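Down below is the structure, laid out as structure tokens.
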Protein chains: 2
Amino acid sequence: MPKYIDIAGDIRNKIHNETYKTGSQIPPEYVLCGEYDCNRETMKKALKILVDEGLIVRRRGAGTFVMNHASKEKITSLSVTKNFPDQKVTSDVVVFEVIRSDARVADKLGIDKGTFVYHIIRNRSLSDTPYCVSESYLPVAMFPDLRKDVLYGSLYNYCEKTLKLKVQSSNISITSPLATKNDAFLGLNEFDGLVQIESIAHMNDGRTFEYAIIRMHPFSFRYEDCVILA
Amino acid sequence: MPKYIDIAGDIRNKIHNETYKTGSQIPPEYVLCGEYDCNRETMKKALKILVDEGLIVRRRGAGTFVMNHASKEKITSLSVTKNFPDQKVTSDVVVFEVIRSDARVADKLGIDKGTFVYHIIRNRSLSDTPYCVSESYLPVAMFPDLRKDVLYGSLYNYCEKTLKLKVQSSNISITSPLATKNDAFLGLNEFDGLVQIESIAHMNDGRTFEYAIIRMHPFSFRYEDCVILA
DNA sequence: GAGTGGTCTAGACCACATC
DNA sequence: ATGTGGTCTAGACCACTCT
């Protein structure tokens, strides 16, 4: 584990501990460098992490200060299975087919129109309570052996455990359209409001592996973010 | 302007230009250092920016690759006025009062319960179309001279232009609760779905200056993010 | 083994805030 | 004037990927 990650973790603890209190100034770089026996650039790297997390602000000439960090954690996963490790996740596979991609799907996945993709629709539940309807498109070329039984579990786990691929990042777009008859699984009537997350997910080698449209009951939805505006 | 920001900008352009195409590998650090006449650590700083933006991925031992960057921009402002510079923003000030903060508001603002805060409710329109209902709480101590006429315009502009304070970051939480009678301005009936953004906004000196609850018509809402999962 | 990115250091100089 | 953080460099060593 790199030293700067450890240092960031330790200082993060001190903030959560109130060793460094909200609004207060923390020691300057050169002091922290002494405490943690590291170079100034290493300390900068550590503190940069906390800045990105919105826990501290740094002002040239003034110092480093603890932000009001009343709020919660940042989202760390789009995987239903990982987000709710303590709950039973079940999936009903409504559609599992291979089709030629249309222009829209091809564009999202960054492939040529007409390339074969899996088209998958799953009704997913948490502890037997309907949670979301997810529609996914995945290039067949990247998952030559995808079988239906995988879909009852976690697609992300399958990528990471079985295929040894790493999920890197996802560009998401959240909107709130109206429900259709296809959303009845969520307990919604046509024209009720719902929350839709479109996700374009990438491997750590940069390839796009999934375009997904996830539709949720509005009451199941919550999204947290820290927006740096400066 | 720091060199690493310039370099990041130039490489970002090359990615948008397709000089560096989606999925392709870009030159290794030492080559880029030569091209831009900089040190390796400076180049790392530049590339880190693009990694954080989700434009590239870097893999030790393998190289640096351009991600599929089909998707849009990251949110850069919570200010309605700044987000829609070309549209006429109007605000109807429904409530403007000074009250003692209750426990919830005090907690969000990081102040003591009972401290005086402004309580402001505004119905805001874009080009005369209802856009959102915003309810804000601001510590009176931080805005001793806040007058109602400021509220017809942009509170964020007032902070930055008049008070010379810089808005640093905001912790937001997005949910989708039901409309109440108070949301009639948005054209919604009671029990219709809406989108609510709670925001806790901070100055660049770390002080929390606003707790806001913004309620929008679902059709007006879209939120984009790049979630790094690795 | 050769090439890539990741970490860390020591030191320099600068810009800004505060007093 | 002092102290703070911001930038940049030169160089070292390491860990990983690829073939």
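Ligands are numbered from 1 in the order shown, chains are lettered A, B, ... in the order of the structure tokens, and residues start at 1 in each chain.
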Using only C-alpha atoms (C1' of nucleotides), tabulate the residues of chain A lying at most 9 Å from any atom of chain C, each with its closest atom pair and that distance in Å to one decimal, by chain and increasing residue number, as a tab-separated table.
residue	atom	partner	partner_atom	distance
A:Pro2	CA	C:DT7	C1'	7.1
A:Lys3	CA	C:DT7	C1'	8.4
A:Tyr4	CA	C:DT7	C1'	9.0
A:Cys38	CA	C:DC8	C1'	8.3
A:Asn39	CA	C:DT9	C1'	6.3
A:Arg40	CA	C:DT9	C1'	8.9
A:Glu41	CA	C:DC8	C1'	8.3
A:Thr42	CA	C:DC8	C1'	6.9
A:Arg59	CA	C:DA17	C1'	8.6
A:Arg60	CA	C:DC16	C1'	5.7
A:Gly61	CA	C:DA17	C1'	4.4
A:Ala62	CA	C:DA17	C1'	5.3
- Query: Counting only C-alpha atoms, which residues of chain A come no farther than 6 Å from chain B, as a list of chain:residue names?
  - Reply: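 Taken together, these residues fit the definition: A:Met67, A:Thr76, A:Ser77, A:Gln168, A:Ser169, A:Ser170, A:Asn171, A:Ile172, A:Ser173, A:Ile174, A:Thr175, A:Ser176, A:Gly193, A:Gly206, A:Pro218, A:Phe221, A:Arg222, A:Tyr223, A:Glu224, A:Asp225, A:Cys226, A:Val227, A:Ile228, A:Leu229, A:Ala230.
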Please dump the current selection as a PDB file, in the first residue's frame; keep N, CA and C atoms.
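New file again_13.pdb:
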ATOM      1  N   MET A  67     -13.488  20.789   6.198  1.00  0.00           N
ATOM      2  CA  MET A  67     -14.815  21.194   5.730  1.00  0.00           C
ATOM      3  C   MET A  67     -15.883  20.667   6.680  1.00  0.00           C
ATOM      4  N   THR A  76     -19.931   4.080  -4.477  1.00  0.00           N
ATOM      5  CA  THR A  76     -18.697   3.375  -4.808  1.00  0.00           C
ATOM      6  C   THR A  76     -18.942   2.218  -5.755  1.00  0.00           C
ATOM      7  N   SER A  77     -20.167   1.972  -6.089  1.00  0.00           N
ATOM      8  CA  SER A  77     -20.432   0.842  -6.960  1.00  0.00           C
ATOM      9  C   SER A  77     -21.775   1.001  -7.634  1.00  0.00           C
ATOM     10  N   GLN A 168     -13.906  -0.372 -14.534  1.00  0.00           N
ATOM     11  CA  GLN A 168     -13.143   0.839 -14.227  1.00  0.00           C
ATOM     12  C   GLN A 168     -14.039   2.015 -13.819  1.00  0.00           C
ATOM     13  N   SER A 169     -15.001   2.320 -14.689  1.00  0.00           N
ATOM     14  CA  SER A 169     -15.785   3.531 -14.457  1.00  0.00           C
ATOM     15  C   SER A 169     -17.077   3.453 -15.235  1.00  0.00           C
ATOM     16  N   SER A 170     -17.964   4.362 -14.928  1.00  0.00           N
ATOM     17  CA  SER A 170     -19.230   4.383 -15.620  1.00  0.00           C
ATOM     18  C   SER A 170     -19.713   5.817 -15.762  1.00  0.00           C
ATOM     19  N   ASN A 171     -20.139   6.150 -16.953  1.00  0.00           N
ATOM     20  CA  ASN A 171     -20.771   7.446 -17.150  1.00  0.00           C
ATOM     21  C   ASN A 171     -22.255   7.253 -16.985  1.00  0.00           C
ATOM     22  N   ILE A 172     -22.830   7.967 -16.052  1.00  0.00           N
ATOM     23  CA  ILE A 172     -24.246   7.774 -15.806  1.00  0.00           C
ATOM     24  C   ILE A 172     -25.016   9.063 -16.064  1.00  0.00           C
ATOM     25  N   SER A 173     -26.265   8.870 -16.362  1.00  0.00           N
ATOM     26  CA  SER A 173     -27.163   9.987 -16.577  1.00  0.00           C
ATOM     27  C   SER A 173     -28.466   9.625 -15.887  1.00  0.00           C
ATOM     28  N   ILE A 174     -28.923  10.499 -15.007  1.00  0.00           N
ATOM     29  CA  ILE A 174     -30.120  10.208 -14.226  1.00  0.00           C
ATOM     30  C   ILE A 174     -31.253  11.105 -14.710  1.00  0.00           C
ATOM     31  N   THR A 175     -32.372  10.511 -15.013  1.00  0.00           N
ATOM     32  CA  THR A 175     -33.545  11.291 -15.387  1.00  0.00           C
ATOM     33  C   THR A 175     -34.764  10.700 -14.683  1.00  0.00           C
ATOM     34  N   SER A 176     -35.872  11.353 -14.882  1.00  0.00           N
ATOM     35  CA  SER A 176     -37.086  10.896 -14.213  1.00  0.00           C
ATOM     36  C   SER A 176     -38.263  10.910 -15.188  1.00  0.00           C
ATOM     37  N   GLY A 193     -44.421   8.411 -11.998  1.00  0.00           N
ATOM     38  CA  GLY A 193     -43.027   8.819 -12.124  1.00  0.00           C
ATOM     39  C   GLY A 193     -42.097   7.686 -11.712  1.00  0.00           C
ATOM     40  N   GLY A 206     -10.275   0.306 -21.016  1.00  0.00           N
ATOM     41  CA  GLY A 206     -10.901   1.376 -21.784  1.00  0.00           C
ATOM     42  C   GLY A 206     -12.048   0.911 -22.671  1.00  0.00           C
ATOM     43  N   PRO A 218     -39.259   5.333  -7.536  1.00  0.00           N
ATOM     44  CA  PRO A 218     -38.666   6.556  -6.971  1.00  0.00           C
ATOM     45  C   PRO A 218     -38.306   6.438  -5.501  1.00  0.00           C
ATOM     46  N   PHE A 221     -34.812   5.125  -4.672  1.00  0.00           N
ATOM     47  CA  PHE A 221     -33.686   5.846  -5.262  1.00  0.00           C
ATOM     48  C   PHE A 221     -33.115   6.922  -4.350  1.00  0.00           C
ATOM     49  N   ARG A 222     -31.790   6.928  -4.266  1.00  0.00           N
ATOM     50  CA  ARG A 222     -31.072   8.003  -3.592  1.00  0.00           C
ATOM     51  C   ARG A 222     -29.686   8.064  -4.208  1.00  0.00           C
ATOM     52  N   TYR A 223     -29.227   9.254  -4.515  1.00  0.00           N
ATOM     53  CA  TYR A 223     -27.906   9.404  -5.112  1.00  0.00           C
ATOM     54  C   TYR A 223     -27.165  10.517  -4.405  1.00  0.00           C
ATOM     55  N   GLU A 224     -25.934  10.231  -3.993  1.00  0.00           N
ATOM     56  CA  GLU A 224     -25.132  11.222  -3.269  1.00  0.00           C
ATOM     57  C   GLU A 224     -23.933  11.597  -4.127  1.00  0.00           C
ATOM     58  N   ASP A 225     -23.560  12.859  -4.061  1.00  0.00           N
ATOM     59  CA  ASP A 225     -22.387  13.289  -4.810  1.00  0.00           C
ATOM     60  C   ASP A 225     -21.790  14.501  -4.115  1.00  0.00           C
ATOM     61  N   CYS A 226     -20.511  14.682  -4.317  1.00  0.00           N
ATOM     62  CA  CYS A 226     -19.858  15.918  -3.873  1.00  0.00           C
ATOM     63  C   CYS A 226     -19.401  16.642  -5.122  1.00  0.00           C
ATOM     64  N   VAL A 227     -19.972  17.780  -5.362  1.00  0.00           N
ATOM     65  CA  VAL A 227     -19.682  18.538  -6.570  1.00  0.00           C
ATOM     66  C   VAL A 227     -18.686  19.639  -6.219  1.00  0.00           C
ATOM     67  N   ILE A 228     -17.524  19.566  -6.816  1.00  0.00           N
ATOM     68  CA  ILE A 228     -16.519  20.611  -6.598  1.00  0.00           C
ATOM     69  C   ILE A 228     -16.775  21.700  -7.633  1.00  0.00           C
ATOM     70  N   LEU A 229     -17.063  22.898  -7.164  1.00  0.00           N
ATOM     71  CA  LEU A 229     -17.481  23.963  -8.079  1.00  0.00           C
ATOM     72  C   LEU A 229     -16.351  24.960  -8.335  1.00  0.00           C
ATOM     73  N   ALA A 230     -15.330  24.944  -7.509  1.00  0.00           N
ATOM     74  CA  ALA A 230     -14.284  25.978  -7.612  1.00  0.00           C
ATOM     75  C   ALA A 230     -13.440  25.820  -8.880  1.00  0.00           C
TER      76      ALA A 230
END
- For chain D against chain A, which residues fall within 9 Å using only C-alpha atoms (C1' of nucleotides), given as number ranges by chain? D: 3-6
- Query: Rounded to one decimal in Å, what is the spacing between CA of Met216 in chain B and CA of Ser125 in chain A?
  - Reply: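 Computed distance, CA of Met216 in chain B to CA of Ser125 in chain A, equals 28.3 Å.
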- Message: I need the residues in range 6-230 of chain A that are alpha helix (DSSP H) according to DSSP; give them as a ChimeraX atom specification.
- Response: /A:6-17,29-36,40-52,80-83,103-109,155-157
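Across the structure, CA of Tyr131 in chain B and CA of Ser154 in chain B are spaced 14.4 Å apart.
CA of Val51 in chain B is found 14.6 Å from CA of His16 in chain B.
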- Query: Which residues come within 7 Å of range 88-103 of chain A, counting only C-alpha atoms (C1' of nucleotides), excluding same-chain residues fewer than 4 positions away, as a list in words?
  - Reply: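 Once the adjacent positions are removed, what remains is Thr81, Asp107, Lys113, Gly114, Thr115, Phe116, Val117, Tyr118, His119, Ile120, Ile121, Arg122, Asn123, Arg124, Ser125, Leu126, Ser127, Leu151, Tyr152 and Gly153 of chain A.
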How would the residues just picked look written out with N, CA and C atoms as a short mmCIF file (atom, residue, chain, number, x, y, z; two decimals), in the first residue's frame?
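Output file part.cif follows:
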data_model
loop_
_atom_site.label_atom_id
_atom_site.label_comp_id
_atom_site.auth_asym_id
_atom_site.auth_seq_id
_atom_site.Cartn_x
_atom_site.Cartn_y
_atom_site.Cartn_z
N THR A 81 -25.50 -6.07 -6.40
CA THR A 81 -25.00 -7.11 -5.50
C THR A 81 -23.99 -6.54 -4.51
N ASP A 107 -23.81 3.28 -30.91
CA ASP A 107 -23.16 4.53 -30.54
C ASP A 107 -22.74 4.52 -29.07
N LYS A 113 -22.64 -0.25 -36.04
CA LYS A 113 -24.05 -0.64 -36.12
C LYS A 113 -24.16 -2.02 -36.76
N GLY A 114 -25.01 -2.85 -36.19
CA GLY A 114 -25.19 -4.18 -36.75
C GLY A 114 -24.35 -5.24 -36.07
N THR A 115 -23.37 -4.82 -35.28
CA THR A 115 -22.57 -5.78 -34.51
C THR A 115 -23.48 -6.51 -33.52
N PHE A 116 -23.22 -7.79 -33.32
CA PHE A 116 -24.07 -8.56 -32.42
C PHE A 116 -23.87 -8.15 -30.96
N VAL A 117 -24.99 -7.99 -30.27
CA VAL A 117 -24.94 -7.68 -28.85
C VAL A 117 -25.96 -8.55 -28.10
N TYR A 118 -25.64 -8.83 -26.85
CA TYR A 118 -26.66 -9.42 -25.99
C TYR A 118 -27.66 -8.35 -25.63
N HIS A 119 -28.92 -8.73 -25.58
CA HIS A 119 -29.96 -7.84 -25.08
C HIS A 119 -30.60 -8.55 -23.91
N ILE A 120 -30.48 -7.94 -22.75
CA ILE A 120 -30.88 -8.61 -21.52
C ILE A 120 -31.80 -7.71 -20.72
N ILE A 121 -32.93 -8.24 -20.31
CA ILE A 121 -33.79 -7.48 -19.39
C ILE A 121 -33.99 -8.33 -18.14
N ARG A 122 -33.72 -7.71 -17.01
CA ARG A 122 -33.87 -8.43 -15.74
C ARG A 122 -34.74 -7.65 -14.77
N ASN A 123 -35.65 -8.34 -14.14
CA ASN A 123 -36.40 -7.78 -13.01
C ASN A 123 -35.66 -8.16 -11.75
N ARG A 124 -35.17 -7.20 -11.02
CA ARG A 124 -34.30 -7.52 -9.89
C ARG A 124 -34.95 -7.12 -8.56
N SER A 125 -34.77 -8.00 -7.60
CA SER A 125 -35.38 -7.78 -6.29
C SER A 125 -34.33 -7.82 -5.19
N LEU A 126 -34.59 -7.08 -4.14
CA LEU A 126 -33.77 -7.11 -2.93
C LEU A 126 -34.62 -7.74 -1.83
N SER A 127 -34.18 -8.89 -1.33
CA SER A 127 -34.95 -9.59 -0.30
C SER A 127 -36.42 -9.70 -0.72
N LEU A 151 -26.82 -14.60 -15.30
CA LEU A 151 -27.63 -13.40 -15.13
C LEU A 151 -28.50 -13.43 -13.88
N TYR A 152 -28.63 -14.62 -13.31
CA TYR A 152 -29.38 -14.68 -12.06
C TYR A 152 -28.56 -14.07 -10.93
N GLY A 153 -27.25 -13.99 -11.14
CA GLY A 153 -26.39 -13.39 -10.12
C GLY A 153 -25.92 -12.02 -10.57
#
- Item | Residue set, range 104-230 of chain A restricted to strand (DSSP E or B), as a ChimeraX atom specification | /A:116-126,129-139,167-175,178,193,195-203,208-216,222-228
Writer output for current selection, C-alpha atoms, as a short mmCIF file (atom, residue, chain, number, x, y, z; two decimals), in the first residue's frame:
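The resulting file, selection.cif, is reproduced below:
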data_model
loop_
_atom_site.label_atom_id
_atom_site.label_comp_id
_atom_site.auth_asym_id
_atom_site.auth_seq_id
_atom_site.Cartn_x
_atom_site.Cartn_y
_atom_site.Cartn_z
CA PHE A 116 -24.07 -8.56 -32.42
CA VAL A 117 -24.94 -7.68 -28.85
CA TYR A 118 -26.66 -9.42 -25.99
CA HIS A 119 -29.96 -7.84 -25.08
CA ILE A 120 -30.88 -8.61 -21.52
CA ILE A 121 -33.79 -7.48 -19.39
CA ARG A 122 -33.87 -8.43 -15.74
CA ASN A 123 -36.40 -7.78 -13.01
CA ARG A 124 -34.30 -7.52 -9.89
CA SER A 125 -35.38 -7.78 -6.29
CA LEU A 126 -33.77 -7.11 -2.93
CA THR A 129 -38.95 -6.73 -2.84
CA PRO A 130 -38.90 -5.40 -6.42
CA TYR A 131 -35.92 -3.12 -6.77
CA CYS A 132 -35.28 -2.30 -10.41
CA VAL A 133 -35.80 -3.30 -14.01
CA SER A 134 -32.48 -3.34 -15.82
CA GLU A 135 -32.02 -3.52 -19.56
CA SER A 136 -28.46 -4.19 -20.69
CA TYR A 137 -26.65 -4.38 -24.00
CA LEU A 138 -23.24 -6.08 -24.11
CA PRO A 139 -21.04 -6.80 -27.15
CA VAL A 167 -14.65 -2.62 -14.13
CA GLN A 168 -13.14 0.84 -14.23
CA SER A 169 -15.79 3.53 -14.46
CA SER A 170 -19.23 4.38 -15.62
CA ASN A 171 -20.77 7.45 -17.15
CA ILE A 172 -24.25 7.77 -15.81
CA SER A 173 -27.16 9.99 -16.58
CA ILE A 174 -30.12 10.21 -14.23
CA THR A 175 -33.54 11.29 -15.39
CA LEU A 178 -42.86 8.27 -16.83
CA GLY A 193 -43.03 8.82 -12.12
CA VAL A 195 -36.16 7.16 -11.85
CA GLN A 196 -34.02 6.01 -14.73
CA ILE A 197 -30.26 5.64 -14.71
CA GLU A 198 -28.48 5.21 -18.01
CA SER A 199 -25.01 3.79 -17.58
CA ILE A 200 -22.16 3.30 -19.99
CA ALA A 201 -19.63 1.11 -18.20
CA HIS A 202 -15.98 0.65 -19.04
CA MET A 203 -13.29 -1.94 -18.36
CA THR A 208 -17.01 -0.18 -23.20
CA PHE A 209 -18.65 -3.38 -22.08
CA GLU A 210 -22.18 -2.42 -21.15
CA TYR A 211 -24.90 0.04 -21.96
CA ALA A 212 -27.60 -0.26 -19.35
CA ILE A 213 -30.91 1.39 -18.62
CA ILE A 214 -31.96 0.86 -15.04
CA ARG A 215 -35.45 1.85 -13.98
CA MET A 216 -36.31 2.10 -10.31
CA ARG A 222 -31.07 8.00 -3.59
CA TYR A 223 -27.91 9.40 -5.11
CA GLU A 224 -25.13 11.22 -3.27
CA ASP A 225 -22.39 13.29 -4.81
CA CYS A 226 -19.86 15.92 -3.87
CA VAL A 227 -19.68 18.54 -6.57
CA ILE A 228 -16.52 20.61 -6.60
#
